[in-house]
$ cat query03.txt   # compact mmCIF, C-alpha atoms
# COMPACT_ATOMS: atom_id res chain seq x y z
CA MET A 155 7.88 -43.60 62.17
CA ASN A 156 6.71 -40.02 62.59
CA PRO A 157 6.36 -38.71 66.14
CA LEU A 158 2.83 -38.61 67.54
CA VAL A 159 0.86 -35.49 66.59
CA PHE A 160 -1.21 -34.03 69.42
CA THR A 161 -4.58 -32.53 68.48
CA LEU A 162 -5.76 -29.99 71.04
CA VAL A 163 -9.12 -28.18 71.09
CA LEU A 164 -8.97 -24.47 72.03
CA GLY A 165 -12.18 -22.82 73.29
CA THR A 166 -12.51 -19.14 72.30
CA ALA A 167 -15.81 -17.16 72.40
CA THR A 168 -18.66 -15.93 70.18
CA PRO A 169 -17.87 -14.59 66.69
CA GLY A 170 -17.21 -10.86 66.48
CA GLY A 171 -15.22 -10.53 69.70
CA GLY A 172 -11.52 -10.42 70.43
CA PHE A 173 -11.09 -14.02 71.60
CA PRO A 174 -11.89 -15.74 68.26
CA VAL A 175 -9.49 -13.36 66.50
CA PHE A 176 -6.74 -14.10 69.01
CA GLY A 177 -7.49 -17.82 69.03
CA ALA A 178 -7.14 -18.08 65.27
CA ALA A 179 -3.81 -16.22 65.26
CA TYR A 180 -2.45 -18.15 68.25
CA SER A 181 -3.38 -21.59 66.90
CA GLU A 182 -2.07 -20.92 63.40
CA ALA A 183 1.21 -19.49 64.71
CA LEU A 184 1.85 -22.45 67.01
CA ASN A 185 0.79 -25.02 64.42
CA ALA A 186 3.29 -23.48 62.00
CA GLN A 187 6.11 -23.68 64.54
CA GLU A 188 5.53 -27.15 65.93
CA PRO A 189 4.68 -30.06 63.59
CA ARG A 190 3.67 -32.22 66.55
CA LEU A 191 0.87 -29.83 67.52
CA ARG A 192 -2.50 -29.45 65.85
CA ILE A 193 -4.56 -26.82 67.67
CA GLU A 194 -8.17 -26.56 66.56
CA THR A 195 -10.34 -23.63 67.67
CA ARG A 196 -13.94 -23.92 68.82
CA ASN A 197 -16.39 -21.05 69.31
CA THR A 198 -17.95 -21.03 72.78
CA LYS A 199 -19.94 -18.56 74.87
CA GLY A 200 -16.64 -17.19 76.21
CA SER A 201 -14.81 -17.31 79.52
CA THR A 202 -17.78 -18.36 81.66
CA GLU A 203 -18.25 -21.45 79.51
CA ASN A 204 -14.57 -22.15 78.89
CA VAL A 205 -13.80 -22.62 82.59
CA PRO A 206 -16.35 -25.41 83.19
CA LEU A 207 -15.53 -26.99 79.82
CA LEU A 208 -11.88 -27.12 80.86
CA GLU A 209 -12.68 -28.46 84.32
CA ALA A 210 -14.78 -31.22 82.73
CA GLY A 211 -12.03 -32.06 80.23
CA LYS A 212 -14.30 -31.25 77.25
CA ILE A 213 -11.71 -28.90 75.75
CA ASP A 214 -7.94 -29.03 76.11
CA LEU A 215 -7.20 -25.31 76.12
CA GLY A 216 -9.39 -22.28 76.78
CA LEU A 217 -9.10 -18.51 76.61
CA VAL A 218 -10.18 -16.93 79.89
CA ALA A 219 -10.49 -13.18 80.48
CA GLY A 220 -8.89 -11.37 83.37
CA GLU A 221 -11.35 -11.16 86.22
CA LEU A 222 -12.80 -14.62 85.65
CA ALA A 223 -9.28 -16.00 85.28
CA SER A 224 -8.35 -14.52 88.66
CA VAL A 225 -11.42 -16.09 90.27
CA ALA A 226 -10.71 -19.48 88.66
CA LEU A 227 -7.07 -19.49 89.76
CA ALA A 228 -8.01 -18.48 93.32
CA LYS A 229 -10.44 -21.39 93.68
CA PRO A 230 -9.09 -23.77 96.35
CA GLY A 231 -7.71 -26.94 94.80
CA THR A 232 -8.09 -25.77 91.22
CA GLU A 233 -6.32 -27.99 88.69
CA LEU A 234 -6.47 -25.44 85.88
CA ARG A 235 -3.03 -24.27 84.80
CA ILE A 236 -1.65 -21.41 82.72
CA VAL A 237 0.15 -22.24 79.49
CA ALA A 238 0.37 -18.64 78.25
CA ALA A 239 -0.47 -15.10 79.30
CA MET A 240 -2.41 -13.48 76.46
CA TYR A 241 -2.57 -9.75 77.10
CA SER A 242 -3.58 -7.19 79.67
CA SER A 243 -7.04 -5.72 79.10
CA PRO A 244 -7.67 -2.08 80.02
CA GLY A 245 -11.44 -1.65 79.98
CA MET A 246 -13.27 1.38 78.57
CA PHE A 247 -16.37 2.61 76.81
CA ILE A 248 -16.70 3.93 73.28
CA VAL A 249 -19.36 6.39 72.14
CA LYS A 250 -20.27 7.98 68.83
CA ALA A 251 -18.41 11.14 67.85
CA GLU A 252 -21.42 13.40 68.44
CA SER A 253 -22.34 11.85 71.81
CA PRO A 254 -22.63 14.25 74.78
CA VAL A 255 -21.06 11.57 77.02
CA ARG A 256 -17.66 12.74 78.29
CA ARG A 257 -17.34 10.85 81.58
CA ILE A 258 -18.48 7.44 82.79
CA ALA A 259 -20.94 9.18 85.11
CA ASP A 260 -22.70 10.59 82.05
CA LEU A 261 -23.87 7.06 81.25
CA LYS A 262 -26.09 6.91 84.32
CA ASP A 263 -29.49 5.38 83.48
CA LYS A 264 -28.57 5.08 79.80
CA PRO A 265 -28.62 1.84 77.75
CA VAL A 266 -25.09 0.48 77.47
CA VAL A 267 -23.81 -2.65 75.68
CA LEU A 268 -21.55 -4.49 78.15
CA GLY A 269 -20.79 -7.44 75.88
CA THR A 270 -21.80 -11.06 75.55
CA GLN A 271 -23.43 -12.99 78.36
CA GLY A 272 -20.50 -15.33 78.92
CA SER A 273 -17.63 -12.88 78.55
CA GLY A 274 -15.16 -11.99 81.27
CA ILE A 275 -14.94 -8.52 79.74
CA THR A 276 -18.66 -8.10 80.50
CA VAL A 277 -17.94 -8.99 84.11
CA LEU A 278 -15.17 -6.38 84.19
CA GLY A 279 -17.60 -3.74 82.92
CA ARG A 280 -20.10 -4.54 85.67
CA THR A 281 -17.32 -4.39 88.25
CA VAL A 282 -16.22 -0.94 87.07
CA LEU A 283 -19.76 0.47 87.12
CA ASN A 284 -20.60 -1.10 90.50
CA SER A 285 -17.37 0.22 92.01
CA LEU A 286 -18.31 3.74 90.89
CA ASP A 287 -21.97 3.31 91.98
CA ILE A 288 -23.17 4.12 88.47
CA LYS A 289 -26.37 2.37 87.39
CA ILE A 290 -27.06 1.84 83.69
CA THR A 291 -29.58 -0.07 81.62
CA GLU A 292 -27.42 -3.07 80.85
CA ILE A 293 -27.52 -4.70 77.42
CA THR A 294 -25.92 -8.12 77.02
CA LEU A 295 -25.59 -9.89 73.70
CA GLU A 296 -25.69 -13.35 72.21
CA LYS A 297 -22.98 -12.35 69.71
CA ALA A 298 -20.34 -9.64 70.14
CA ALA A 299 -20.83 -8.53 66.53
CA ASP A 300 -24.34 -7.30 67.41
CA GLY A 301 -22.94 -4.44 69.51
CA PRO A 302 -21.75 -1.82 66.98
CA PRO A 303 -25.10 -1.67 65.11
CA MET A 304 -26.87 -0.93 68.40
CA LEU A 305 -24.59 2.03 69.03
CA ASP A 306 -24.95 3.17 65.43
CA ASP A 307 -28.76 3.23 65.41
CA GLY A 308 -29.15 4.74 68.89
CA ARG A 309 -30.36 1.69 70.82
CA ALA A 310 -27.25 2.04 72.98
CA ALA A 311 -25.45 5.14 74.27
CA ALA A 312 -22.10 3.38 74.64
CA LEU A 313 -20.34 0.08 74.17
CA TRP A 314 -17.90 -1.48 76.63
CA GLY A 315 -14.79 -3.42 75.66
CA ALA A 316 -11.18 -3.95 76.58
CA GLY A 317 -7.67 -4.18 75.24
CA VAL A 318 -5.98 -3.73 71.89
CA GLY A 319 -7.56 -5.15 68.75
CA TRP A 320 -11.16 -5.31 70.01
CA PRO A 321 -13.05 -5.66 66.70
CA ALA A 322 -16.06 -3.58 67.75
CA PHE A 323 -13.79 -0.76 68.92
CA THR A 324 -11.92 -0.77 65.61
CA ALA A 325 -15.13 -0.48 63.60
CA ILE A 326 -16.56 2.34 65.72
CA ALA A 327 -13.25 4.22 66.01
CA LYS A 328 -12.92 4.24 62.22
CA ALA A 329 -16.28 6.03 62.10
CA GLY A 330 -15.03 8.70 64.54
CA GLY A 331 -15.99 7.12 67.85
CA ARG A 332 -14.53 8.46 71.12
CA PHE A 333 -13.22 6.49 74.09
CA VAL A 334 -14.37 7.16 77.65
CA GLY A 335 -12.39 5.66 80.51
CA PRO A 336 -12.12 6.24 84.26
CA ASP A 337 -10.25 9.31 85.47
CA ALA A 338 -7.37 9.03 87.96
CA ASP A 339 -9.63 9.26 91.01
CA GLU A 340 -12.02 6.68 89.59
CA VAL A 341 -9.13 4.29 88.92
CA LYS A 342 -8.13 4.55 92.58
CA ARG A 343 -11.71 3.91 93.74
CA ILE A 344 -12.09 0.87 91.51
CA LEU A 345 -8.77 -0.66 92.61
CA ALA A 346 -9.54 -0.02 96.28
CA ARG A 347 -12.69 -2.12 95.94
CA ASN A 348 -11.13 -4.78 93.69
CA PRO A 349 -7.55 -5.71 94.68
CA SER A 350 -7.39 -8.40 91.99
CA LEU A 351 -7.50 -5.72 89.27
CA GLN A 352 -4.52 -3.68 88.11
CA ALA A 353 -3.95 -0.20 86.72
CA VAL A 354 -3.33 -0.76 82.99
CA THR A 355 -2.97 1.58 80.03
CA LEU A 356 -4.11 1.37 76.43
CA PRO A 357 -1.18 2.69 74.37
CA ALA A 358 -1.70 5.68 72.10
CA LYS A 359 -2.69 4.86 68.52
CA SER A 360 -4.05 1.45 69.45
CA TYR A 361 -7.17 2.44 67.49
CA PRO A 362 -7.90 4.90 64.65
CA GLY A 363 -8.04 8.46 65.95
CA GLN A 364 -6.88 7.52 69.45
CA ASP A 365 -3.85 9.80 69.75
CA ALA A 366 -3.35 9.69 73.54
CA PRO A 367 -2.93 6.75 75.93
CA ILE A 368 -5.99 5.81 77.97
CA HIS A 369 -5.47 4.90 81.61
CA SER A 370 -7.87 2.38 83.08
CA VAL A 371 -8.13 -0.86 85.05
CA GLY A 372 -8.03 -4.47 83.97
CA SER A 373 -6.16 -7.72 84.39
CA TRP A 374 -4.40 -10.40 82.36
CA SER A 375 -6.20 -12.91 80.21
CA TYR A 376 -4.70 -16.37 79.84
CA VAL A 377 -4.64 -19.55 77.83
CA PHE A 378 -5.59 -22.21 80.39
CA ALA A 379 -4.97 -25.94 80.12
CA ARG A 380 -7.43 -28.56 81.28
CA PRO A 381 -6.57 -30.67 84.35
CA GLY A 382 -4.29 -33.51 83.38
CA LEU A 383 -2.95 -32.07 80.13
CA PRO A 384 0.30 -34.05 79.68
CA ASP A 385 3.52 -32.22 80.49
CA GLU A 386 4.95 -33.00 77.04
CA GLN A 387 2.08 -31.20 75.33
CA ALA A 388 2.35 -28.13 77.58
CA TYR A 389 6.11 -28.09 76.96
CA LEU A 390 5.56 -28.08 73.20
CA LEU A 391 2.96 -25.30 73.54
CA ALA A 392 5.35 -23.11 75.52
CA ARG A 393 8.25 -23.75 73.16
CA ALA A 394 6.17 -23.15 70.04
CA LEU A 395 4.80 -19.89 71.43
CA HIS A 396 8.28 -18.64 72.34
CA ARG A 397 9.49 -19.37 68.82
CA ALA A 398 6.37 -17.79 67.30
CA GLU A 399 6.41 -14.55 69.29
CA GLY A 400 7.65 -12.43 66.38
CA PRO A 401 5.23 -13.69 63.72
CA LEU A 402 2.32 -13.63 66.17
CA ALA A 403 3.01 -10.02 67.20
CA ALA A 404 3.34 -8.99 63.56
CA ARG A 405 -0.03 -10.52 62.76
CA LEU A 406 -2.00 -9.22 65.75
CA ASP A 407 -1.34 -6.08 67.79
CA GLN A 408 -2.77 -7.42 71.05
CA ALA A 409 -0.51 -10.48 70.74
CA LYS A 410 2.59 -8.31 71.24
CA GLU A 411 2.14 -9.06 74.95
CA THR A 412 1.81 -12.81 74.38
CA THR A 413 5.33 -13.85 75.35
CA ALA A 414 7.07 -16.41 77.50
CA ALA A 415 8.47 -13.63 79.69
CA ASN A 416 5.03 -12.12 80.29
CA THR A 417 3.61 -15.54 81.09
CA VAL A 418 6.13 -15.90 83.91
CA THR A 419 5.59 -12.39 85.31
CA ALA A 420 1.80 -12.31 84.89
CA ALA A 421 1.11 -15.61 86.65
CA PRO A 422 -0.11 -14.94 90.21
CA ARG A 423 2.17 -17.75 91.46
CA PRO A 424 4.71 -19.95 89.62
CA GLU A 425 2.91 -23.13 90.64
CA LEU A 426 -0.15 -22.00 88.65
CA ILE A 427 1.89 -22.32 85.44
CA HIS A 428 1.60 -25.78 83.89
CA PRO A 429 4.63 -27.90 84.92
CA GLY A 430 5.40 -28.72 81.29
CA ALA A 431 5.49 -25.04 80.35
CA LEU A 432 7.49 -24.28 83.50
CA LYS A 433 10.08 -26.85 82.46
CA TYR A 434 10.63 -25.00 79.18
CA PHE A 435 10.77 -21.60 80.91
CA ARG A 436 13.51 -22.97 83.16
CA GLU A 437 15.45 -24.23 80.16
CA ILE A 438 15.51 -20.74 78.59
CA GLY A 439 16.40 -19.04 81.88
CA LEU A 440 13.11 -17.31 82.69
CA VAL A 441 12.58 -19.32 85.87
CA ARG A 442 15.19 -20.56 88.31
$ encode --input "query03.txt" --output "structure tokens"
Amino acid sequence: MNPLVFTLVLGTATPGGGFPVFGAAYSEALNAQEPRLRIETRNTKGSTENVPLLEAGKIDLGLVAGELASVALAKPGTELRIVAAMYSSPGMFIVKAESPVRRIADLKDKPVVLGTQGSGITVLGRTVLNSLDIKITEITLEKAADGPPMLDDGRAAALWGAGVGWPAFTAIAKAGGRFVGPDADEVKRILARNPSLQAVTLPAKSYPGQDAPIHSVGSWSYVFARPGLPDEQAYLLARALHRAEGPLAARLDQAKETTAANTVTAAPRPELIHPGALKYFREIGLVR
């Protein structure tokens, strides 16, 4: 008799953003490595919907962006657990090549696309602007793919996003777009007001025409498991990801950070890692 195959539903986000791209690569890589796993992706409104869906047991796994992940993990008595760290997400704006905007302050009172309504990246953008006391005309979207056309036709002066492999950034950068991030003093001000954030850097050549690294702020995004996900399933997820690290990184640049080692170091506390995943990490010597 064949061993039981576990079908797990993974909540991602709206089409056109980074989470559906990551979710597809992650699920296919793990499915290929572990015959007992069948991960199926589901588009959602993003992190703000994934957390309550997980808490209600309506999805098995969910992608949750940095700041919202930090809030969820800090909630007293939370039963959500980490099965994988995805990637760190330095946040920044992108503008058209001919834009006069050179600093974040230049966006004051201008229309800016911050992202979709349920995205943790949108929350990060608000946090950055509020920390710098810069008021904009905020544009939020139903679908992430609606952002680049708004920048292209002048309805928006800039578009906010985060991390490597952000689809909107790739499209705009190919057309000559420029990135605008916080300067060193602004990074310090943002971190002073938001201790849960970290100083993170977008490596050079992450996007077309981006020759220098961009220093910014951000945090880690995670794959969360619903309360009560069996230890055996979390163990298989952790093992499959560890075995799939090479193929996953080759397929998707932002997934180069999606490793067992980073999951251990990025977790705020070891007990927030799912016990099944933690068992595997102990077996391979990452946790004592």
$ atom_distance --input "query03.txt" --atom1 "atom CA of A:Thr198" --atom2 "atom CA of A:Met304"
22.4 Å
$ closest_residue --input "query03.txt" --among "A:Ile326, A:Leu356, A:Ile213, A:Leu426" --to "A:Val237" --atoms "only C-alpha atoms"
A:Leu426
$ closest_atom_pairs --input "query03.txt" --of "stretch 364-403 of chain A" --to "stretch 409-412 of chain A" --cutoff "9 Å" --atoms "only C-alpha atoms" --output "JSON lines"
{"residue": "A:Leu395", "atom": "CA", "partner": "A:Thr412", "partner_atom": "CA", "distance": 8.2}
{"residue": "A:His396", "atom": "CA", "partner": "A:Thr412", "partner_atom": "CA", "distance": 8.9}
{"residue": "A:Glu399", "atom": "CA", "partner": "A:Thr412", "partner_atom": "CA", "distance": 7.1}
{"residue": "A:Gly400", "atom": "CA", "partner": "A:Lys410", "partner_atom": "CA", "distance": 8.1}
{"residue": "A:Leu402", "atom": "CA", "partner": "A:Ala409", "partner_atom": "CA", "distance": 6.2}
{"residue": "A:Ala403", "atom": "CA", "partner": "A:Lys410", "partner_atom": "CA", "distance": 4.4}
$ write_last_selection --input "query03.txt" --atoms "C-alpha atoms" --output "CSV table (one decimal), in the frame of the given file"
chain,number,residue,atom,x,y,z
A,395,LEU,CA,4.8,-19.9,71.4
A,396,HIS,CA,8.3,-18.6,72.3
A,399,GLU,CA,6.4,-14.6,69.3
A,400,GLY,CA,7.6,-12.4,66.4
A,402,LEU,CA,2.3,-13.6,66.2
A,403,ALA,CA,3.0,-10.0,67.2
$ closest_atom_pairs --input "query03.txt" --of "stretch 288-393 of chain A" --to "stretch 175-184 of chain A" --cutoff "9 Å" --atoms "all atoms listed in the file" --output "JSON lines"
{"residue": "A:Gly319", "atom": "CA", "partner": "A:Val175", "partner_atom": "CA", "distance": 8.7}
{"residue": "A:Trp320", "atom": "CA", "partner": "A:Val175", "partner_atom": "CA", "distance": 8.9}
{"residue": "A:Pro321", "atom": "CA", "partner": "A:Val175", "partner_atom": "CA", "distance": 8.5}
{"residue": "A:Leu391", "atom": "CA", "partner": "A:Leu184", "partner_atom": "CA", "distance": 7.2}
{"residue": "A:Arg393", "atom": "CA", "partner": "A:Leu184", "partner_atom": "CA", "distance": 9.0}
$ residues_around --input "query03.txt" --residues "A:Ser243" --least-positions-apart "2" --cutoff "12 Å" --atoms "all atoms listed in the file" --output "PyMOL selection string"
chain A and resi 172-173+218-221+239-241+245-246+274-276+278-279+314-320+351-357+368-376+408-409+411
$ atom_distance --input "query03.txt" --atom1 "atom CA of A:Ile288" --atom2 "atom CA of A:Ser253"
18.4 Å
$ atom_distance --input "query03.txt" --atom1 "atom CA of A:Ala325" --atom2 "atom CA of A:Ala298"
12.4 Å
$ residues_near_point --input "query03.txt" --point "(0.7, -33.8, 83.6)" --cutoff "12 Å" --atoms "all atoms listed in the file" --output "list in words"
Glu233, Leu234, Arg235, Ala379, Arg380, Pro381, Gly382, Leu383, Pro384, Asp385, Glu386, Gln387, Ala388, Tyr389, Ile427, His428, Pro429, Gly430, Ala431, Leu432 and Lys433 of chain A
$ write_last_selection --input "query03.txt" --atoms "C-alpha atoms" --output "PDB file, in the coordinates of the input"
ATOM      1  CA  GLU A 233      -6.320 -27.990  88.690  1.00  0.00           C
ATOM      2  CA  LEU A 234      -6.470 -25.440  85.880  1.00  0.00           C
ATOM      3  CA  ARG A 235      -3.030 -24.270  84.800  1.00  0.00           C
ATOM      4  CA  ALA A 379      -4.970 -25.940  80.120  1.00  0.00           C
ATOM      5  CA  ARG A 380      -7.430 -28.560  81.280  1.00  0.00           C
ATOM      6  CA  PRO A 381      -6.570 -30.670  84.350  1.00  0.00           C
ATOM      7  CA  GLY A 382      -4.290 -33.510  83.380  1.00  0.00           C
ATOM      8  CA  LEU A 383      -2.950 -32.070  80.130  1.00  0.00           C
ATOM      9  CA  PRO A 384       0.300 -34.050  79.680  1.00  0.00           C
ATOM     10  CA  ASP A 385       3.520 -32.220  80.490  1.00  0.00           C
ATOM     11  CA  GLU A 386       4.950 -33.000  77.040  1.00  0.00           C
ATOM     12  CA  GLN A 387       2.080 -31.200  75.330  1.00  0.00           C
ATOM     13  CA  ALA A 388       2.350 -28.130  77.580  1.00  0.00           C
ATOM     14  CA  TYR A 389       6.110 -28.090  76.960  1.00  0.00           C
ATOM     15  CA  ILE A 427       1.890 -22.320  85.440  1.00  0.00           C
ATOM     16  CA  HIS A 428       1.600 -25.780  83.890  1.00  0.00           C
ATOM     17  CA  PRO A 429       4.630 -27.900  84.920  1.00  0.00           C
ATOM     18  CA  GLY A 430       5.400 -28.720  81.290  1.00  0.00           C
ATOM     19  CA  ALA A 431       5.490 -25.040  80.350  1.00  0.00           C
ATOM     20  CA  LEU A 432       7.490 -24.280  83.500  1.00  0.00           C
ATOM     21  CA  LYS A 433      10.080 -26.850  82.460  1.00  0.00           C
TER      22      LYS A 433
END
$ closest_residue --input "query03.txt" --among "A:Ala259, A:Ala346, A:Val266, A:Val334" --to "A:Ala310" --atoms "all atoms listed in the file"
A:Val266
$ closest_residue --input "query03.txt" --among "A:Ala358, A:Leu283, A:Ala322, A:Val418" --to "A:Gly171" --atoms "all atoms listed in the file"
A:Ala322
$ residues_around --input "query03.txt" --residues "A:Ala251" --least-positions-apart "5" --cutoff "10 Å" --atoms "all atoms listed in the file" --output "MDAnalysis selection string"
chainID A and resid 326:327 329:333
